[in-house]
>>> print(open('input20.cif').read())   # mmCIF, N, CA and C atoms
data_entry
#
loop_
_atom_site.label_atom_id
_atom_site.label_comp_id
_atom_site.auth_asym_id
_atom_site.auth_seq_id
_atom_site.Cartn_x
_atom_site.Cartn_y
_atom_site.Cartn_z
N GLN A 7 -41.92 -100.02 58.35
CA GLN A 7 -42.36 -99.70 57.00
C GLN A 7 -43.86 -99.44 57.02
N LEU A 8 -44.27 -98.32 56.44
CA LEU A 8 -45.67 -97.94 56.43
C LEU A 8 -46.33 -98.52 55.19
N ARG A 9 -47.35 -99.34 55.39
CA ARG A 9 -48.00 -99.96 54.25
C ARG A 9 -49.33 -100.55 54.65
N LEU A 10 -50.13 -100.91 53.64
CA LEU A 10 -51.37 -101.65 53.81
C LEU A 10 -51.16 -103.04 53.25
N VAL A 11 -51.61 -104.03 53.98
CA VAL A 11 -51.45 -105.42 53.55
C VAL A 11 -52.82 -106.06 53.41
N GLU A 12 -53.12 -106.51 52.20
CA GLU A 12 -54.42 -107.11 51.92
C GLU A 12 -54.33 -108.62 51.92
N SER A 13 -55.47 -109.24 52.21
CA SER A 13 -55.58 -110.69 52.12
C SER A 13 -57.04 -111.06 51.96
N GLY A 14 -57.29 -112.31 51.58
CA GLY A 14 -58.64 -112.82 51.56
C GLY A 14 -59.27 -113.03 50.20
N GLY A 15 -58.59 -112.68 49.14
CA GLY A 15 -59.16 -112.91 47.83
C GLY A 15 -59.22 -114.39 47.50
N GLY A 16 -59.82 -114.71 46.36
CA GLY A 16 -59.90 -116.09 45.94
C GLY A 16 -60.95 -116.27 44.88
N MET A 17 -61.32 -117.53 44.68
CA MET A 17 -62.31 -117.88 43.68
C MET A 17 -63.53 -118.47 44.37
N VAL A 18 -64.70 -118.03 43.92
CA VAL A 18 -65.94 -118.49 44.53
C VAL A 18 -67.02 -118.56 43.46
N GLN A 19 -68.02 -119.37 43.69
CA GLN A 19 -69.13 -119.45 42.75
C GLN A 19 -70.11 -118.31 42.99
N SER A 20 -70.88 -118.01 41.97
CA SER A 20 -71.89 -116.97 42.08
C SER A 20 -72.82 -117.26 43.25
N GLY A 21 -73.09 -116.23 44.04
CA GLY A 21 -73.90 -116.39 45.24
C GLY A 21 -73.10 -116.64 46.49
N GLY A 22 -71.82 -116.90 46.34
CA GLY A 22 -70.96 -117.18 47.47
C GLY A 22 -70.47 -115.94 48.18
N SER A 23 -69.58 -116.16 49.16
CA SER A 23 -69.08 -115.06 49.98
C SER A 23 -67.57 -115.13 50.11
N LEU A 24 -66.98 -113.96 50.29
CA LEU A 24 -65.57 -113.83 50.62
C LEU A 24 -65.41 -112.67 51.59
N ARG A 25 -64.36 -112.71 52.39
CA ARG A 25 -64.04 -111.57 53.24
C ARG A 25 -62.60 -111.13 52.97
N LEU A 26 -62.48 -109.86 52.63
CA LEU A 26 -61.16 -109.27 52.40
C LEU A 26 -60.71 -108.53 53.65
N SER A 27 -59.41 -108.55 53.89
CA SER A 27 -58.81 -107.83 55.01
C SER A 27 -57.77 -106.85 54.52
N CYS A 28 -57.68 -105.73 55.20
CA CYS A 28 -56.69 -104.70 54.89
C CYS A 28 -56.09 -104.24 56.21
N GLU A 29 -54.86 -104.63 56.46
CA GLU A 29 -54.21 -104.33 57.73
C GLU A 29 -53.19 -103.23 57.56
N ALA A 30 -53.24 -102.25 58.45
CA ALA A 30 -52.26 -101.18 58.45
C ALA A 30 -51.00 -101.63 59.18
N SER A 31 -49.87 -101.40 58.55
CA SER A 31 -48.59 -101.76 59.15
C SER A 31 -47.76 -100.49 59.35
N GLY A 32 -47.45 -100.20 60.60
CA GLY A 32 -46.60 -99.04 60.87
C GLY A 32 -47.34 -97.75 61.12
N PHE A 33 -48.65 -97.76 61.04
CA PHE A 33 -49.43 -96.55 61.32
C PHE A 33 -50.83 -96.96 61.75
N THR A 34 -51.55 -96.00 62.33
CA THR A 34 -52.92 -96.26 62.77
C THR A 34 -53.91 -95.71 61.76
N LEU A 35 -55.05 -96.36 61.68
CA LEU A 35 -56.07 -95.94 60.73
C LEU A 35 -56.96 -94.81 61.25
N ASP A 36 -56.73 -94.38 62.48
CA ASP A 36 -57.60 -93.38 63.11
C ASP A 36 -57.77 -92.12 62.27
N TYR A 37 -56.75 -91.73 61.54
CA TYR A 37 -56.79 -90.43 60.87
C TYR A 37 -56.97 -90.55 59.37
N TYR A 38 -57.48 -91.68 58.94
CA TYR A 38 -57.64 -91.92 57.51
C TYR A 38 -59.04 -92.39 57.18
N THR A 39 -59.43 -92.09 55.96
CA THR A 39 -60.54 -92.80 55.35
C THR A 39 -59.94 -93.96 54.56
N ILE A 40 -60.47 -95.14 54.80
CA ILE A 40 -59.97 -96.33 54.12
C ILE A 40 -61.00 -96.79 53.12
N GLY A 41 -60.54 -97.05 51.93
CA GLY A 41 -61.45 -97.46 50.88
C GLY A 41 -61.04 -98.77 50.23
N TRP A 42 -62.04 -99.48 49.77
CA TRP A 42 -61.81 -100.64 48.91
C TRP A 42 -62.17 -100.23 47.48
N PHE A 43 -61.27 -100.53 46.57
CA PHE A 43 -61.44 -100.23 45.17
C PHE A 43 -61.26 -101.51 44.38
N ARG A 44 -61.78 -101.52 43.16
CA ARG A 44 -61.57 -102.69 42.32
C ARG A 44 -61.31 -102.25 40.88
N GLN A 45 -60.61 -103.12 40.18
CA GLN A 45 -60.26 -102.79 38.81
C GLN A 45 -60.20 -104.06 37.97
N VAL A 46 -60.77 -103.96 36.78
CA VAL A 46 -60.65 -105.03 35.79
C VAL A 46 -59.85 -104.47 34.62
N PRO A 47 -59.17 -105.33 33.88
CA PRO A 47 -58.36 -104.85 32.76
C PRO A 47 -59.19 -104.03 31.78
N GLY A 48 -58.65 -102.89 31.40
CA GLY A 48 -59.30 -102.05 30.41
C GLY A 48 -60.33 -101.09 30.98
N LYS A 49 -60.55 -101.14 32.29
CA LYS A 49 -61.53 -100.25 32.91
C LYS A 49 -60.87 -99.41 33.99
N GLU A 50 -61.54 -98.31 34.32
CA GLU A 50 -61.06 -97.45 35.38
C GLU A 50 -61.24 -98.13 36.73
N ARG A 51 -60.35 -97.79 37.65
CA ARG A 51 -60.50 -98.27 39.01
C ARG A 51 -61.73 -97.60 39.62
N GLU A 52 -62.56 -98.37 40.31
CA GLU A 52 -63.77 -97.81 40.89
C GLU A 52 -63.80 -98.05 42.39
N GLY A 53 -64.37 -97.08 43.09
CA GLY A 53 -64.54 -97.21 44.53
C GLY A 53 -65.70 -98.14 44.85
N VAL A 54 -65.50 -99.02 45.79
CA VAL A 54 -66.51 -100.00 46.18
C VAL A 54 -67.15 -99.62 47.50
N SER A 55 -66.33 -99.39 48.50
CA SER A 55 -66.84 -99.06 49.83
C SER A 55 -65.74 -98.38 50.62
N CYS A 56 -66.13 -97.43 51.46
CA CYS A 56 -65.17 -96.69 52.28
C CYS A 56 -65.67 -96.56 53.71
N ILE A 57 -64.73 -96.41 54.62
CA ILE A 57 -65.05 -96.21 56.03
C ILE A 57 -64.08 -95.21 56.63
N HIS A 58 -64.61 -94.34 57.50
CA HIS A 58 -63.72 -93.40 58.17
C HIS A 58 -63.12 -94.08 59.39
N GLY A 59 -61.82 -93.99 59.53
CA GLY A 59 -61.12 -94.73 60.58
C GLY A 59 -61.49 -94.33 61.99
N ARG A 60 -61.92 -93.09 62.17
CA ARG A 60 -62.21 -92.64 63.54
C ARG A 60 -63.68 -92.80 63.90
N ASP A 61 -64.58 -92.27 63.06
CA ASP A 61 -65.99 -92.27 63.46
C ASP A 61 -66.82 -93.37 62.81
N GLY A 62 -66.22 -94.14 61.91
CA GLY A 62 -66.92 -95.30 61.35
C GLY A 62 -67.94 -94.98 60.28
N GLU A 63 -68.01 -93.73 59.82
CA GLU A 63 -68.93 -93.41 58.72
C GLU A 63 -68.59 -94.29 57.53
N THR A 64 -69.64 -94.78 56.85
CA THR A 64 -69.41 -95.68 55.73
C THR A 64 -70.07 -95.17 54.46
N TYR A 65 -69.59 -95.70 53.35
CA TYR A 65 -70.15 -95.39 52.03
C TYR A 65 -70.09 -96.66 51.21
N TYR A 66 -71.13 -96.89 50.41
CA TYR A 66 -71.15 -98.03 49.50
C TYR A 66 -71.53 -97.55 48.10
N ALA A 67 -70.84 -98.05 47.12
CA ALA A 67 -71.24 -97.80 45.73
C ALA A 67 -72.53 -98.55 45.44
N ASP A 68 -73.33 -98.02 44.54
CA ASP A 68 -74.65 -98.62 44.27
C ASP A 68 -74.58 -100.11 43.91
N PRO A 69 -73.61 -100.54 43.09
CA PRO A 69 -73.61 -101.96 42.68
C PRO A 69 -73.43 -102.95 43.83
N VAL A 70 -72.94 -102.48 44.98
CA VAL A 70 -72.66 -103.42 46.08
C VAL A 70 -73.54 -103.20 47.30
N LYS A 71 -74.39 -102.18 47.25
CA LYS A 71 -75.25 -101.92 48.40
C LYS A 71 -76.13 -103.13 48.72
N GLY A 72 -76.18 -103.45 50.00
CA GLY A 72 -76.99 -104.58 50.42
C GLY A 72 -76.29 -105.92 50.32
N ARG A 73 -75.13 -105.94 49.68
CA ARG A 73 -74.38 -107.21 49.53
C ARG A 73 -73.03 -107.17 50.24
N PHE A 74 -72.39 -106.02 50.27
CA PHE A 74 -71.07 -105.87 50.89
C PHE A 74 -71.20 -105.10 52.19
N THR A 75 -70.33 -105.44 53.15
CA THR A 75 -70.31 -104.74 54.43
C THR A 75 -68.86 -104.43 54.80
N ILE A 76 -68.59 -103.15 55.06
CA ILE A 76 -67.25 -102.74 55.47
C ILE A 76 -67.24 -102.53 56.97
N SER A 77 -66.15 -102.91 57.62
CA SER A 77 -66.07 -102.76 59.07
C SER A 77 -64.61 -102.61 59.48
N ARG A 78 -64.42 -102.20 60.75
CA ARG A 78 -63.06 -102.02 61.24
C ARG A 78 -62.89 -102.75 62.57
N ASP A 79 -61.75 -103.39 62.72
CA ASP A 79 -61.32 -103.93 64.00
C ASP A 79 -60.29 -102.96 64.57
N TYR A 80 -60.70 -102.20 65.59
CA TYR A 80 -59.83 -101.16 66.12
C TYR A 80 -58.58 -101.73 66.76
N ALA A 81 -58.72 -102.86 67.40
CA ALA A 81 -57.57 -103.45 68.09
C ALA A 81 -56.49 -103.91 67.10
N LYS A 82 -56.92 -104.36 65.94
CA LYS A 82 -55.99 -104.88 64.95
C LYS A 82 -55.64 -103.88 63.86
N ASP A 83 -56.24 -102.70 63.89
CA ASP A 83 -56.03 -101.71 62.83
C ASP A 83 -56.24 -102.34 61.47
N THR A 84 -57.34 -103.03 61.34
CA THR A 84 -57.66 -103.76 60.13
C THR A 84 -59.07 -103.42 59.67
N ILE A 85 -59.21 -103.25 58.37
CA ILE A 85 -60.50 -103.01 57.73
C ILE A 85 -60.90 -104.29 57.00
N TYR A 86 -62.17 -104.66 57.14
CA TYR A 86 -62.69 -105.84 56.47
C TYR A 86 -63.73 -105.44 55.44
N LEU A 87 -63.82 -106.22 54.39
CA LEU A 87 -64.90 -106.09 53.42
C LEU A 87 -65.55 -107.46 53.29
N GLN A 88 -66.73 -107.60 53.89
CA GLN A 88 -67.48 -108.83 53.78
C GLN A 88 -68.31 -108.76 52.51
N MET A 89 -68.10 -109.70 51.62
CA MET A 89 -68.77 -109.68 50.32
C MET A 89 -69.68 -110.91 50.24
N ASP A 90 -70.96 -110.66 50.21
CA ASP A 90 -71.96 -111.73 50.12
C ASP A 90 -72.71 -111.63 48.79
N SER A 91 -73.41 -112.70 48.44
CA SER A 91 -74.18 -112.74 47.20
C SER A 91 -73.34 -112.28 46.01
N LEU A 92 -72.15 -112.80 45.93
CA LEU A 92 -71.23 -112.37 44.88
C LEU A 92 -71.74 -112.72 43.50
N LYS A 93 -71.43 -111.85 42.55
CA LYS A 93 -71.85 -112.01 41.17
C LYS A 93 -70.61 -112.06 40.28
N PRO A 94 -70.72 -112.65 39.09
CA PRO A 94 -69.57 -112.65 38.19
C PRO A 94 -69.02 -111.25 37.90
N GLU A 95 -69.90 -110.26 37.87
CA GLU A 95 -69.43 -108.89 37.60
C GLU A 95 -68.64 -108.29 38.75
N ASP A 96 -68.57 -108.98 39.89
CA ASP A 96 -67.70 -108.53 40.99
C ASP A 96 -66.25 -108.97 40.79
N THR A 97 -66.01 -109.78 39.78
CA THR A 97 -64.65 -110.24 39.50
C THR A 97 -63.74 -109.07 39.18
N ALA A 98 -62.64 -108.97 39.91
CA ALA A 98 -61.71 -107.85 39.74
C ALA A 98 -60.53 -108.05 40.69
N VAL A 99 -59.51 -107.21 40.53
CA VAL A 99 -58.48 -107.09 41.55
C VAL A 99 -58.95 -106.02 42.53
N TYR A 100 -58.98 -106.36 43.79
CA TYR A 100 -59.44 -105.44 44.83
C TYR A 100 -58.24 -104.86 45.57
N TYR A 101 -58.28 -103.56 45.77
CA TYR A 101 -57.22 -102.83 46.46
C TYR A 101 -57.82 -102.06 47.62
N CYS A 102 -57.06 -101.92 48.70
CA CYS A 102 -57.45 -100.97 49.73
C CYS A 102 -56.49 -99.79 49.67
N ALA A 103 -57.00 -98.64 50.10
CA ALA A 103 -56.21 -97.42 50.06
C ALA A 103 -56.58 -96.55 51.25
N ALA A 104 -55.64 -95.72 51.66
CA ALA A 104 -55.86 -94.80 52.77
C ALA A 104 -55.76 -93.37 52.28
N ASP A 105 -56.71 -92.56 52.71
CA ASP A 105 -56.78 -91.16 52.29
C ASP A 105 -56.90 -90.30 53.54
N SER A 106 -55.91 -89.44 53.78
CA SER A 106 -55.93 -88.62 54.99
C SER A 106 -56.66 -87.30 54.80
N SER A 107 -57.09 -87.01 53.56
CA SER A 107 -57.60 -85.67 53.27
C SER A 107 -59.11 -85.59 53.08
N ARG A 108 -59.77 -86.71 52.83
CA ARG A 108 -61.16 -86.63 52.41
C ARG A 108 -62.04 -87.59 53.19
N ARG A 109 -63.34 -87.31 53.17
CA ARG A 109 -64.33 -88.17 53.83
C ARG A 109 -64.76 -89.29 52.91
N VAL A 110 -65.69 -90.11 53.36
CA VAL A 110 -65.92 -91.40 52.69
C VAL A 110 -66.47 -91.26 51.27
N ARG A 111 -67.44 -90.36 51.06
CA ARG A 111 -68.04 -90.28 49.74
C ARG A 111 -67.01 -89.80 48.72
N ALA A 112 -66.23 -88.78 49.08
CA ALA A 112 -65.22 -88.26 48.16
C ALA A 112 -64.15 -89.32 47.89
N THR A 113 -63.71 -90.00 48.92
CA THR A 113 -62.65 -90.98 48.75
C THR A 113 -63.09 -92.09 47.82
N CYS A 114 -64.34 -92.52 47.95
CA CYS A 114 -64.82 -93.65 47.15
C CYS A 114 -65.30 -93.25 45.77
N ALA A 115 -66.00 -92.13 45.69
CA ALA A 115 -66.73 -91.82 44.46
C ALA A 115 -66.06 -90.80 43.56
N ILE A 116 -65.08 -90.08 44.08
CA ILE A 116 -64.44 -89.02 43.30
C ILE A 116 -62.95 -89.31 43.27
N ILE A 117 -62.47 -89.73 42.12
CA ILE A 117 -61.06 -90.08 41.97
C ILE A 117 -60.49 -89.20 40.86
N PRO A 118 -60.07 -87.98 41.22
CA PRO A 118 -59.52 -87.10 40.18
C PRO A 118 -58.28 -87.71 39.55
N LEU A 119 -58.10 -87.42 38.28
CA LEU A 119 -56.92 -87.92 37.58
C LEU A 119 -55.67 -87.46 38.29
N GLY A 120 -54.83 -88.39 38.64
CA GLY A 120 -53.57 -88.06 39.28
C GLY A 120 -53.64 -87.86 40.78
N TYR A 121 -54.83 -88.04 41.36
CA TYR A 121 -54.95 -87.85 42.81
C TYR A 121 -54.13 -88.89 43.53
N GLN A 122 -53.42 -88.47 44.58
CA GLN A 122 -52.52 -89.37 45.30
C GLN A 122 -53.14 -89.77 46.64
N TYR A 123 -53.50 -91.03 46.74
CA TYR A 123 -53.88 -91.56 48.04
C TYR A 123 -52.61 -91.77 48.85
N ASP A 124 -52.74 -91.76 50.17
CA ASP A 124 -51.54 -91.84 51.00
C ASP A 124 -50.88 -93.21 50.91
N TYR A 125 -51.69 -94.25 50.94
CA TYR A 125 -51.15 -95.61 50.87
C TYR A 125 -52.07 -96.48 50.03
N TRP A 126 -51.49 -97.44 49.35
CA TRP A 126 -52.22 -98.46 48.61
C TRP A 126 -51.74 -99.84 49.05
N GLY A 127 -52.67 -100.79 49.04
CA GLY A 127 -52.26 -102.17 49.23
C GLY A 127 -51.80 -102.75 47.90
N GLN A 128 -51.38 -103.99 47.95
CA GLN A 128 -50.80 -104.63 46.77
C GLN A 128 -51.85 -105.23 45.85
N GLY A 129 -53.08 -105.34 46.31
CA GLY A 129 -54.15 -105.90 45.50
C GLY A 129 -54.36 -107.38 45.76
N THR A 130 -55.60 -107.82 45.64
CA THR A 130 -55.93 -109.23 45.80
C THR A 130 -57.02 -109.59 44.79
N GLN A 131 -56.84 -110.71 44.12
CA GLN A 131 -57.76 -111.11 43.06
C GLN A 131 -59.00 -111.76 43.63
N VAL A 132 -60.16 -111.31 43.14
CA VAL A 132 -61.44 -111.95 43.45
C VAL A 132 -62.04 -112.42 42.13
N THR A 133 -62.36 -113.69 42.06
CA THR A 133 -62.94 -114.26 40.85
C THR A 133 -64.24 -114.97 41.21
N VAL A 134 -65.32 -114.57 40.56
CA VAL A 134 -66.63 -115.16 40.81
C VAL A 134 -67.08 -115.87 39.54
N SER A 135 -67.27 -117.16 39.63
CA SER A 135 -67.68 -117.94 38.46
C SER A 135 -69.19 -118.09 38.44
N SER A 136 -69.73 -118.18 37.23
CA SER A 136 -71.19 -118.29 37.09
C SER A 136 -71.63 -119.73 37.14
#
>>> encode(input="input20.cif", output="structure tokens")
Amino acid sequence: QLRLVESGGGMVQSGGSLRLSCEASGFTLDYYTIGWFRQVPGKEREGVSCIHGRDGETYYADPVKGRFTISRDYAKDTIYLQMDSLKPEDTAVYYCAADSSRRVRATCAIIPLGYQYDYWGQGTQVTVSS
């Protein structure tokens, strides 16, 4: 079965850290751009950070620059999102997604209405208390 499996969410105090994982099951990430997205109720899903599976090019949205780090473990076909200096406004459900058609900036920053990413994870809740 081809899918992305996320893990690592939880609850943390402001200033704390969490690491999210996104593992590919049944396929390799070499030919995809992988992105982390987040969504809160009543708001649009927003791109947080993306990485190209083959060459490692990365992109970060302005709100997380300097605090979040995206990386890949090639042996495990897993993408990580290290989140440091967390703020209450980072509270959201975080999803990973795979896009075979676009590079990192487009995958993260441009989400046309109805655009179909190849795969989505099931989502993991991140809650940051003040």
>>> atom_distance(input="input20.cif", atom1="CA of Val11 (chain A)", atom2="CA of Asp90 (chain A)")
21.7 Å
>>> closest_residue(input="input20.cif", among="A:Ile76, A:Leu35, A:Ile116, A:Cys28", to="Tyr101 (chain A)", atoms="all atoms listed in the file")
A:Cys28
>>> select_by_dssp(input="input20.cif", residues="chain A", states="helix (DSSP H, G or I)", output="count of residues only")
15
>>> closest_residue(input="input20.cif", among="A:Gln45, A:Pro94, A:Cys114, A:Thr130", to="Ile57 (chain A)", atoms="only N, CA and C atoms")
A:Cys114
>>> residues_around(input="input20.cif", residues="Ala67 (chain A)", least_positions_apart="4", cutoff="5 Å", atoms="only N, CA and C atoms", output="mmCIF file with N, CA and C atoms, keeping the file's coordinate frame")
data_model
loop_
_atom_site.group_PDB
_atom_site.id
_atom_site.type_symbol
_atom_site.label_atom_id
_atom_site.label_comp_id
_atom_site.auth_asym_id
_atom_site.auth_seq_id
_atom_site.Cartn_x
_atom_site.Cartn_y
_atom_site.Cartn_z
ATOM 1 N N VAL A 54 -65.500 -99.020 45.790
ATOM 2 C CA VAL A 54 -66.510 -100.000 46.180
ATOM 3 C C VAL A 54 -67.150 -99.620 47.500
ATOM 4 N N SER A 55 -66.330 -99.390 48.500
ATOM 5 C CA SER A 55 -66.840 -99.060 49.830
ATOM 6 C C SER A 55 -65.740 -98.380 50.620
ATOM 7 N N LYS A 71 -74.390 -102.180 47.250
ATOM 8 C CA LYS A 71 -75.250 -101.920 48.400
ATOM 9 C C LYS A 71 -76.130 -103.130 48.720
#
>>> atom_distance(input="input20.cif", atom1="CA of Glu95 (chain A)", atom2="CA of Trp42 (chain A)")
15.9 Å
